[in-house]
Structures are given as C-alpha cells and as structure tokens.
Amino acid sequence: MPAVQKIAGVPFVPARLLPLVLVAVAVPVLGSGGALDWVLAFAAAVLTVGGGTWPYAVTVAQAVLLAAAADSTVPARFVVQFLALYAVLEVLMRRDGWWRAAAVVPCWVATATLWWTLTGDFARTALATAVLAGSATILGVHMWSLRRWMRQYHAQVAELTRLRSVEAAAVRAAERGAIARELHDLVAHHVASIVLRVGVVRHVAGTADARVAEVLDDVHATGNAALGDLRELVHVLRDPAAPLLEPADLLGALDAVATRIEQAGLPVTSEVDAAVARLDAVRRLAVLRVAQEGLTNALRHAEHATGARLRVSVGEDDVVRIEVIDDGRPSAARDRPGYGLAGLSERVDAVGGAFEAGPGVRGWRLAAVLPPVRMPSGGGA
C-alpha cells in the first residue's frame, strides 16, 4: 500500500507524482506540439496528484482539459485523454452512491466531443467513446465492488475476532469462577478448620511447654496467613483487575516470608533492594512467589543447612534478579522436581524472564531474572 503523507493537512501519496514526471520526460523526447499543448498535458498531470483527495473536482477538471485538447497534437492529446479516463476510474472506484455519475458524465461528453472533432464520423465517435470511456467506467465499477467486498470481508473478520475474544473471556471468567468456588468451599474451609483446631490446642495446652506453645503459635500464624492469601486469590479470580499485591506491601511480604522460615528453624539473610516496590503487579507477584518457593524448598529439602540467603536486586536497566541460596546437602526429593518449580518456571516465562534451579557451589541455588516491561512504541503510517 502506498505510503501516505500529509502536506498542510491534506493526504498525499508520492506515487501520484509519477504522471508529472512522465510528462516532464516526454516533452523533450517527443518535442512536437506547441506550448499550449504541453501546458494542457502538465495541467492534467498536476490534477492527478489531487485525485485521491478531491476525485469529483479532478474528474470534472480533467473533462474540461480533454475538451480543450481537441486541437492539440497527438502526444499531448493522448496524455490528457489517458489521465481523464484514469480520473473516471478513480472516482468510480473510491466513492459510493449513484450520484457519482455526475462527475463521470462530463468525461463521457468530452471524449465524444474529442472524437467527433477528430473524425466527424458518428459511428467512429460512438465506438471510440464506448471503448475508451466505457472501459474506464466498467473497470472503475469493478474495482469499487472489489474494494466494497474487501471492506465487508475485513469487517466480518474483525467482528468474528471480537466475538471469539468475548467468548474466550467468558470461558476464562467461568473457569476462574469455578476455581474460586473450589478454593473457597474446599481449600479455604479445610485451612480454616486447621487454624481453628490449632487454636483449640493452644487453649487446651496452655503454656505448659514453651517450645510446644511456640510451635503452635507459629502454625496458627502460618494458617492465618494462608487464609489471608486464599482470600486474596479468590478475590483476584473473581475480579482479575484487582491487584493481588500492592506496591507498598511487597517489602513487608518478603520480610514476612524470611521471618516465617527463620521461625521454622532455618536462619535467613535477606538483601532486598527497596526499588522492588515500584515494580508492576505481575513482576511484584513473581518476585514474591520465587522467594517463597526458594526459601520453603531450602527449609524442606536442604539437609543439615545452617542458613539461606535471599537476594533481590533491581538494576539500572530495570532488570530484576532474584536468588535464593542455601548451604545444605541436597536431599533425594530435590532430584524429583515437583509442581512448585514448574509453576515458577511458567510464571517467569510469562513475563519473558529466565529461571533456573539446581546445585550451586555449595548447597542449592534458585535464581530468576525478570526483564523490564517494554512499552509499545508509538508511531503512525
């Protein structure tokens, strides 16, 4: 499709200068005819430049030039006649409505006048007019029908795409609703039951053993935190526009994860860049989930570990790097990767990042790199 530019707010296609260039080349080559002949040819070529914006006016003006070129030399007359018939084709091709014939009739009349002046023969004039003007008219109507059909086709494709998007959104909403119900009715119910029973045990056991009380307090707090996460997840599933983690909450959530792991018996050293608070919602959640999974795995699977380290940094290029390292001996369970690592890999892949998990220099290393959010570049054709 030709590149469209604007000059003084008017659409302009550089390819429309081609007739003007051809006429400028033909004048010195052919070299026949007077100045007035080539003025008419140049005028017809200049009018063609505006045919896309003002097809009606250009078609009528070309008809006037064609009538004036009746006494011109053959090359100039041929140029004016060709560009006038092209104007007929263009006005029929570009415009709807039968009243566009008002712009075509002058070219028919001018063509008939031209051939009557040249031949004086009615039959030859009628034949030339029918062949020349008629061919341009038929071709213009044919191209108009093709353009109209293509517009209808693209409109139907766009409507079909829209309907499919609506249907897909409805299916996803139904799936999210079903998952939300299951989480609320089954998982959240059982977790709430566990929290309630732990609370009862805390009440019954009292403070007879400080170590037991500490463990029960930790289990109770963990259960309450899990219930809070489930409530947020159910809320997001029912309303996808709602953010699962507010920007100001990420630093506190990472600190809470490290504290929970330490309370369970594994010391954690945290190095978290405060710049993570300005990340977008998707990357905020990815950072939290990678930290949770990495530290939880270190607690569960690192045998004889004396500590774990969590590092989260944001570079000058807005690339986020998350790393969880422990110094324990890998257990047999780590040789059989579970759904947690697979889920993390999928989450990181969804934002175009890189994820890896495996033995480090000592112990186990889990790392993820999240690229910056790329905003779509603007621009027009």
# chains A, B, ... in the order shown; residues from 1 in each chain; ligands from 1
>>> residues_around(residues="A:Gly340", least_positions_apart="5", cutoff="10 Å", atoms="only C-alpha atoms", output="PDB file with all heavy atoms, in the first residue's frame")
ATOM      1  N   ARG A 289       6.636 -14.912  44.792  1.00  0.00           N
ATOM      2  CA  ARG A 289       6.486 -16.364  44.650  1.00  0.00           C
ATOM      3  C   ARG A 289       7.836 -17.067  44.522  1.00  0.00           C
ATOM      4  O   ARG A 289       8.030 -18.164  45.070  1.00  0.00           O
ATOM      5  CB  ARG A 289       5.606 -16.683  43.441  1.00  0.00           C
ATOM      6  CG  ARG A 289       4.167 -16.200  43.582  1.00  0.00           C
ATOM      7  CD  ARG A 289       3.484 -16.878  44.758  1.00  0.00           C
ATOM      8  NE  ARG A 289       2.108 -16.421  44.919  1.00  0.00           N
ATOM      9  CZ  ARG A 289       1.648 -15.764  45.963  1.00  0.00           C
ATOM     10  NH1 ARG A 289       2.477 -15.465  46.961  1.00  0.00           N
ATOM     11  NH2 ARG A 289       0.379 -15.391  46.033  1.00  0.00           N
ATOM     12  N   VAL A 290       8.781 -16.471  43.814  1.00  0.00           N
ATOM     13  CA  VAL A 290      10.118 -17.074  43.707  1.00  0.00           C
ATOM     14  C   VAL A 290      10.779 -17.125  45.082  1.00  0.00           C
ATOM     15  O   VAL A 290      11.379 -18.137  45.471  1.00  0.00           O
ATOM     16  CB  VAL A 290      10.987 -16.289  42.707  1.00  0.00           C
ATOM     17  CG1 VAL A 290      12.439 -16.771  42.770  1.00  0.00           C
ATOM     18  CG2 VAL A 290      10.452 -16.459  41.290  1.00  0.00           C
ATOM     19  N   GLU A 293       8.946 -19.859  47.238  1.00  0.00           N
ATOM     20  CA  GLU A 293       9.254 -21.229  46.829  1.00  0.00           C
ATOM     21  C   GLU A 293      10.699 -21.584  47.157  1.00  0.00           C
ATOM     22  O   GLU A 293      10.999 -22.680  47.647  1.00  0.00           O
ATOM     23  CB  GLU A 293       8.994 -21.394  45.335  1.00  0.00           C
ATOM     24  CG  GLU A 293       9.236 -22.799  44.800  1.00  0.00           C
ATOM     25  CD  GLU A 293       8.180 -23.784  45.284  1.00  0.00           C
ATOM     26  OE1 GLU A 293       7.105 -23.338  45.747  1.00  0.00           O
ATOM     27  OE2 GLU A 293       8.431 -25.009  45.185  1.00  0.00           O
ATOM     28  N   GLY A 294      11.625 -20.637  46.885  1.00  0.00           N
ATOM     29  CA  GLY A 294      13.038 -20.924  47.134  1.00  0.00           C
ATOM     30  C   GLY A 294      13.328 -21.150  48.607  1.00  0.00           C
ATOM     31  O   GLY A 294      14.014 -22.120  48.975  1.00  0.00           O
ATOM     32  N   ASN A 297      11.617 -24.417  49.881  1.00  0.00           N
ATOM     33  CA  ASN A 297      12.366 -25.602  49.446  1.00  0.00           C
ATOM     34  C   ASN A 297      13.643 -25.777  50.261  1.00  0.00           C
ATOM     35  O   ASN A 297      14.037 -26.907  50.591  1.00  0.00           O
ATOM     36  CB  ASN A 297      12.708 -25.492  47.957  1.00  0.00           C
ATOM     37  CG  ASN A 297      11.530 -25.832  47.073  1.00  0.00           C
ATOM     38  OD1 ASN A 297      10.513 -26.350  47.557  1.00  0.00           O
ATOM     39  ND2 ASN A 297      11.640 -25.535  45.791  1.00  0.00           N
ATOM     40  N   SER A 345       8.705 -21.657  36.940  1.00  0.00           N
ATOM     41  CA  SER A 345       9.263 -21.510  35.599  1.00  0.00           C
ATOM     42  C   SER A 345       8.229 -20.941  34.639  1.00  0.00           C
ATOM     43  O   SER A 345       8.532 -20.046  33.834  1.00  0.00           O
ATOM     44  CB  SER A 345       9.762 -22.870  35.092  1.00  0.00           C
ATOM     45  OG  SER A 345      10.274 -22.757  33.781  1.00  0.00           O
ATOM     46  N   GLU A 346       6.995 -21.415  34.721  1.00  0.00           N
ATOM     47  CA  GLU A 346       5.934 -20.903  33.863  1.00  0.00           C
ATOM     48  C   GLU A 346       5.628 -19.439  34.181  1.00  0.00           C
ATOM     49  O   GLU A 346       5.397 -18.628  33.280  1.00  0.00           O
ATOM     50  CB  GLU A 346       4.672 -21.744  34.030  1.00  0.00           C
ATOM     51  CG  GLU A 346       4.818 -23.160  33.498  1.00  0.00           C
ATOM     52  CD  GLU A 346       3.638 -24.038  33.868  1.00  0.00           C
ATOM     53  OE1 GLU A 346       2.729 -23.546  34.583  1.00  0.00           O
ATOM     54  OE2 GLU A 346       3.607 -25.200  33.438  1.00  0.00           O
TER      55      GLU A 346
END
>>> select_by_dssp(residues="stretch 169-357 of chain A", states="strand (DSSP E or B)", output="ChimeraX atom specification")
/A:268-272,302-303,308-314,320-326,329-330,354-357
>>> write_last_selection(atoms="N, CA, C and O atoms", output="short mmCIF file (atom, residue, chain, number, x, y, z; two decimals), in the first residue's frame")
data_model
loop_
_atom_site.label_atom_id
_atom_site.label_comp_id
_atom_site.auth_asym_id
_atom_site.auth_seq_id
_atom_site.Cartn_x
_atom_site.Cartn_y
_atom_site.Cartn_z
N VAL A 268 17.80 -16.96 57.91
CA VAL A 268 17.72 -16.37 56.56
C VAL A 268 18.38 -15.01 56.58
O VAL A 268 18.11 -14.18 57.45
N THR A 269 19.25 -14.79 55.58
CA THR A 269 19.85 -13.46 55.37
C THR A 269 19.19 -12.84 54.15
O THR A 269 19.23 -13.42 53.06
N SER A 270 18.59 -11.69 54.35
CA SER A 270 17.85 -11.04 53.25
C SER A 270 18.59 -9.80 52.77
O SER A 270 19.02 -8.98 53.58
N GLU A 271 18.72 -9.68 51.46
CA GLU A 271 19.26 -8.48 50.82
C GLU A 271 18.26 -8.08 49.74
O GLU A 271 18.30 -8.59 48.61
N VAL A 272 17.33 -7.20 50.08
CA VAL A 272 16.24 -6.83 49.18
C VAL A 272 16.37 -5.36 48.80
O VAL A 272 16.41 -4.49 49.69
N ALA A 302 16.81 -29.01 52.16
CA ALA A 302 18.25 -28.85 52.37
C ALA A 302 18.65 -29.50 53.69
O ALA A 302 18.40 -28.96 54.76
N GLU A 303 19.27 -30.67 53.60
CA GLU A 303 19.65 -31.40 54.81
C GLU A 303 20.90 -30.78 55.44
O GLU A 303 21.85 -30.44 54.74
N ALA A 308 20.19 -19.76 54.86
CA ALA A 308 19.83 -19.48 53.46
C ALA A 308 19.96 -17.99 53.23
O ALA A 308 19.87 -17.17 54.15
N ARG A 309 20.18 -17.62 51.98
CA ARG A 309 20.34 -16.22 51.62
C ARG A 309 19.35 -15.86 50.51
O ARG A 309 19.24 -16.58 49.51
N LEU A 310 18.64 -14.76 50.71
CA LEU A 310 17.70 -14.23 49.71
C LEU A 310 18.23 -12.90 49.20
O LEU A 310 18.46 -11.98 49.99
N ARG A 311 18.40 -12.81 47.90
CA ARG A 311 18.87 -11.58 47.27
C ARG A 311 17.86 -11.16 46.19
O ARG A 311 17.53 -11.95 45.32
N VAL A 312 17.42 -9.92 46.28
CA VAL A 312 16.53 -9.35 45.26
C VAL A 312 17.09 -7.99 44.90
O VAL A 312 17.23 -7.12 45.76
N SER A 313 17.42 -7.80 43.63
CA SER A 313 18.00 -6.53 43.20
C SER A 313 17.34 -6.05 41.92
O SER A 313 16.84 -6.84 41.13
N VAL A 314 17.33 -4.74 41.75
CA VAL A 314 16.81 -4.10 40.54
C VAL A 314 17.93 -3.28 39.93
O VAL A 314 18.43 -2.34 40.55
N VAL A 320 15.17 -7.26 37.04
CA VAL A 320 15.06 -7.75 38.41
C VAL A 320 15.76 -9.11 38.50
O VAL A 320 15.51 -9.99 37.67
N ARG A 321 16.59 -9.27 39.52
CA ARG A 321 17.29 -10.53 39.74
C ARG A 321 16.95 -11.04 41.14
O ARG A 321 17.10 -10.30 42.11
N ILE A 322 16.47 -12.29 41.19
CA ILE A 322 16.12 -12.93 42.46
C ILE A 322 16.98 -14.18 42.61
O ILE A 322 17.11 -14.97 41.66
N GLU A 323 17.55 -14.36 43.78
CA GLU A 323 18.41 -15.51 44.02
C GLU A 323 18.20 -16.01 45.44
O GLU A 323 18.17 -15.23 46.39
N VAL A 324 18.00 -17.32 45.57
CA VAL A 324 17.88 -17.98 46.87
C VAL A 324 18.92 -19.08 46.92
O VAL A 324 18.93 -19.99 46.08
N ILE A 325 19.81 -19.01 47.91
CA ILE A 325 20.91 -19.98 48.03
C ILE A 325 20.90 -20.54 49.45
O ILE A 325 20.73 -19.79 50.42
N ASP A 326 21.08 -21.86 49.56
CA ASP A 326 21.25 -22.45 50.89
C ASP A 326 22.56 -23.24 50.90
O ASP A 326 23.15 -23.50 49.85
N ARG A 329 22.89 -29.94 52.22
CA ARG A 329 23.15 -31.04 51.30
C ARG A 329 21.83 -31.40 50.63
O ARG A 329 20.83 -31.64 51.31
N PRO A 330 21.80 -31.43 49.28
CA PRO A 330 20.55 -31.74 48.59
C PRO A 330 20.01 -33.10 49.01
O PRO A 330 20.75 -34.08 49.08
N ALA A 354 14.01 -15.49 32.74
CA ALA A 354 14.78 -16.74 32.75
C ALA A 354 14.77 -17.30 34.16
O ALA A 354 14.91 -16.56 35.14
N PHE A 355 14.65 -18.63 34.26
CA PHE A 355 14.56 -19.29 35.57
C PHE A 355 15.46 -20.51 35.57
O PHE A 355 15.56 -21.24 34.58
N GLU A 356 16.14 -20.71 36.69
CA GLU A 356 16.97 -21.90 36.83
C GLU A 356 17.01 -22.33 38.30
O GLU A 356 16.92 -21.50 39.21
N ALA A 357 17.12 -23.62 38.49
CA ALA A 357 17.21 -24.19 39.84
C ALA A 357 18.07 -25.43 39.77
O ALA A 357 17.88 -26.30 38.90
#
>>> atom_distance(atom1="atom CA of A:Val369", atom2="atom CA of A:Gly353")
5.4 Å
>>> residues_around(residues="A:Trp115", least_positions_apart="5", cutoff="9 Å", atoms="only C-alpha atoms", output="list in words")
Ala70, Ala110, Gly120, Asp121, Phe122, Arg124, Thr125, Ala126, Ala128 and Thr129 of chain A
>>> write_last_selection(atoms="all heavy atoms", output="JSON list (two decimals), in the first residue's frame")
[["chain", "number", "residue", "atom", "x", "y", "z"],
["A", 70, "ALA", "N", -8.82, 19.09, -27.91],
["A", 70, "ALA", "CA", -9.28, 18.52, -29.19],
["A", 70, "ALA", "C", -8.38, 18.94, -30.34],
["A", 70, "ALA", "O", -8.17, 18.17, -31.29],
["A", 70, "ALA", "CB", -10.73, 18.96, -29.46],
["A", 110, "ALA", "N", -16.85, 14.83, -22.99],
["A", 110, "ALA", "CA", -15.59, 15.35, -23.53],
["A", 110, "ALA", "C", -14.94, 14.35, -24.47],
["A", 110, "ALA", "O", -14.36, 14.74, -25.51],
["A", 110, "ALA", "CB", -14.65, 15.68, -22.37],
["A", 120, "GLY", "N", -15.39, 13.37, -37.23],
["A", 120, "GLY", "CA", -16.62, 13.82, -37.87],
["A", 120, "GLY", "C", -17.53, 12.67, -38.24],
["A", 120, "GLY", "O", -18.53, 12.87, -38.96],
["A", 121, "ASP", "N", -17.21, 11.49, -37.76],
["A", 121, "ASP", "CA", -17.98, 10.28, -38.08],
["A", 121, "ASP", "C", -18.70, 9.83, -36.80],
["A", 121, "ASP", "O", -18.05, 9.51, -35.80],
["A", 121, "ASP", "CB", -17.04, 9.19, -38.60],
["A", 121, "ASP", "CG", -17.80, 7.96, -39.09],
["A", 121, "ASP", "OD1", -18.88, 7.66, -38.55],
["A", 121, "ASP", "OD2", -17.30, 7.29, -40.02],
["A", 122, "PHE", "N", -20.04, 9.78, -36.88],
["A", 122, "PHE", "CA", -20.81, 9.42, -35.69],
["A", 122, "PHE", "C", -20.48, 8.00, -35.21],
["A", 122, "PHE", "O", -20.33, 7.76, -34.01],
["A", 122, "PHE", "CB", -22.31, 9.54, -35.98],
["A", 122, "PHE", "CG", -23.17, 9.14, -34.82],
["A", 122, "PHE", "CD1", -23.37, 9.99, -33.75],
["A", 122, "PHE", "CD2", -23.75, 7.87, -34.77],
["A", 122, "PHE", "CE1", -24.15, 9.61, -32.66],
["A", 122, "PHE", "CE2", -24.52, 7.49, -33.69],
["A", 122, "PHE", "CZ", -24.73, 8.36, -32.63],
["A", 124, "ARG", "N", -17.75, 6.11, -35.65],
["A", 124, "ARG", "CA", -16.42, 6.01, -35.05],
["A", 124, "ARG", "C", -16.37, 6.74, -33.71],
["A", 124, "ARG", "O", -15.71, 6.28, -32.76],
["A", 124, "ARG", "CB", -15.38, 6.60, -36.00],
["A", 124, "ARG", "CG", -15.20, 5.78, -37.28],
["A", 124, "ARG", "CD", -14.15, 6.38, -38.17],
["A", 124, "ARG", "NE", -12.83, 6.36, -37.53],
["A", 124, "ARG", "CZ", -11.75, 6.92, -38.06],
["A", 124, "ARG", "NH1", -11.83, 7.55, -39.24],
["A", 124, "ARG", "NH2", -10.60, 6.86, -37.44],
["A", 125, "THR", "N", -17.08, 7.85, -33.62],
["A", 125, "THR", "CA", -17.11, 8.58, -32.35],
["A", 125, "THR", "C", -17.79, 7.75, -31.26],
["A", 125, "THR", "O", -17.31, 7.66, -30.13],
["A", 125, "THR", "CB", -17.86, 9.91, -32.53],
["A", 125, "THR", "OG1", -17.14, 10.72, -33.47],
["A", 125, "THR", "CG2", -17.98, 10.64, -31.20],
["A", 126, "ALA", "N", -18.92, 7.13, -31.60],
["A", 126, "ALA", "CA", -19.65, 6.32, -30.63],
["A", 126, "ALA", "C", -18.81, 5.13, -30.19],
["A", 126, "ALA", "O", -18.75, 4.78, -29.00],
["A", 126, "ALA", "CB", -20.97, 5.85, -31.23],
["A", 128, "ALA", "N", -15.43, 4.79, -30.31],
["A", 128, "ALA", "CA", -14.28, 5.22, -29.51],
["A", 128, "ALA", "C", -14.71, 5.62, -28.10],
["A", 128, "ALA", "O", -14.03, 5.29, -27.11],
["A", 128, "ALA", "CB", -13.58, 6.39, -30.21],
["A", 129, "THR", "N", -15.83, 6.33, -28.02],
["A", 129, "THR", "CA", -16.32, 6.74, -26.69],
["A", 129, "THR", "C", -16.69, 5.53, -25.84],
["A", 129, "THR", "O", -16.36, 5.45, -24.65],
["A", 129, "THR", "CB", -17.54, 7.66, -26.84],
["A", 129, "THR", "OG1", -17.18, 8.80, -27.64],
["A", 129, "THR", "CG2", -18.03, 8.14, -25.47]]
>>> closest_residue(among="A:Val58, A:Leu250, A:Ala63, A:Ala188", to="A:Leu227", atoms="only C-alpha atoms")
A:Ala188
>>> closest_residue(among="A:Arg77, A:Arg95, A:Arg260, A:His203", to="A:Leu36", atoms="only C-alpha atoms")
A:Arg77
>>> closest_residue(among="A:Trp364, A:Trp38, A:Phe82, A:Trp108", to="A:Thr137", atoms="only C-alpha atoms")
A:Trp108
>>> atom_distance(atom1="atom CA of A:Ala61", atom2="atom CA of A:Val39")
14.1 Å
>>> atom_distance(atom1="atom CA of A:Val109", atom2="atom CA of A:Leu92")
16.6 Å
>>> residues_around(residues="stretch 47-57 of chain A", least_positions_apart="2", cutoff="7 Å", atoms="only C-alpha atoms", output="PyMOL selection string")
chain A and resi 11+16-17+43-45+59-61+87+90-91+103
>>> write_last_selection(atoms="N, CA, C and O atoms", output="mmCIF file, in the first residue's frame")
data_model
loop_
_atom_site.group_PDB
_atom_site.id
_atom_site.type_symbol
_atom_site.label_atom_id
_atom_site.label_comp_id
_atom_site.auth_asym_id
_atom_site.auth_seq_id
_atom_site.Cartn_x
_atom_site.Cartn_y
_atom_site.Cartn_z
ATOM 1 N N PRO A 11 -3.877 14.591 2.756
ATOM 2 C CA PRO A 11 -3.179 13.347 2.449
ATOM 3 C C PRO A 11 -2.502 13.423 1.076
ATOM 4 O O PRO A 11 -3.079 13.915 0.110
ATOM 5 N N ARG A 16 1.794 9.574 -6.767
ATOM 6 C CA ARG A 16 0.951 10.363 -7.663
ATOM 7 C C ARG A 16 1.746 11.393 -8.464
ATOM 8 O O ARG A 16 1.207 12.024 -9.383
ATOM 9 N N LEU A 17 2.996 11.570 -8.121
ATOM 10 C CA LEU A 17 3.850 12.457 -8.906
ATOM 11 C C LEU A 17 4.350 11.794 -10.185
ATOM 12 O O LEU A 17 4.938 12.467 -11.035
ATOM 13 N N ALA A 43 -0.995 20.286 -16.943
ATOM 14 C CA ALA A 43 -2.131 20.566 -16.069
ATOM 15 C C ALA A 43 -2.866 19.281 -15.707
ATOM 16 O O ALA A 43 -3.279 19.080 -14.548
ATOM 17 N N ALA A 44 -3.038 18.381 -16.677
ATOM 18 C CA ALA A 44 -3.696 17.099 -16.407
ATOM 19 C C ALA A 44 -2.886 16.268 -15.417
ATOM 20 O O ALA A 44 -3.435 15.614 -14.515
ATOM 21 N N ALA A 45 -1.543 16.301 -15.579
ATOM 22 C CA ALA A 45 -0.683 15.542 -14.664
ATOM 23 C C ALA A 45 -0.738 16.125 -13.253
ATOM 24 O O ALA A 45 -0.765 15.389 -12.255
ATOM 25 N N THR A 59 -12.066 14.991 -11.629
ATOM 26 C CA THR A 59 -12.672 14.360 -12.800
ATOM 27 C C THR A 59 -13.323 15.396 -13.711
ATOM 28 O O THR A 59 -13.161 15.360 -14.943
ATOM 29 N N VAL A 60 -14.054 16.325 -13.143
ATOM 30 C CA VAL A 60 -14.688 17.382 -13.952
ATOM 31 C C VAL A 60 -13.620 18.257 -14.610
ATOM 32 O O VAL A 60 -13.730 18.614 -15.799
ATOM 33 N N ALA A 61 -12.562 18.604 -13.856
ATOM 34 C CA ALA A 61 -11.499 19.433 -14.418
ATOM 35 C C ALA A 61 -10.766 18.704 -15.544
ATOM 36 O O ALA A 61 -10.413 19.317 -16.569
ATOM 37 N N ALA A 87 -9.067 9.394 -14.222
ATOM 38 C CA ALA A 87 -9.877 10.100 -13.224
ATOM 39 C C ALA A 87 -11.269 9.481 -13.129
ATOM 40 O O ALA A 87 -11.848 9.374 -12.038
ATOM 41 N N GLU A 90 -10.926 6.362 -11.137
ATOM 42 C CA GLU A 90 -10.667 6.613 -9.722
ATOM 43 C C GLU A 90 -11.905 7.091 -8.983
ATOM 44 O O GLU A 90 -12.165 6.668 -7.847
ATOM 45 N N VAL A 91 -12.700 7.967 -9.581
ATOM 46 C CA VAL A 91 -13.874 8.464 -8.879
ATOM 47 C C VAL A 91 -14.901 7.357 -8.691
ATOM 48 O O VAL A 91 -15.595 7.293 -7.666
ATOM 49 N N ALA A 103 -20.078 13.199 -11.971
ATOM 50 C CA ALA A 103 -18.694 13.542 -12.273
ATOM 51 C C ALA A 103 -18.172 12.772 -13.479
ATOM 52 O O ALA A 103 -17.206 13.189 -14.113
#
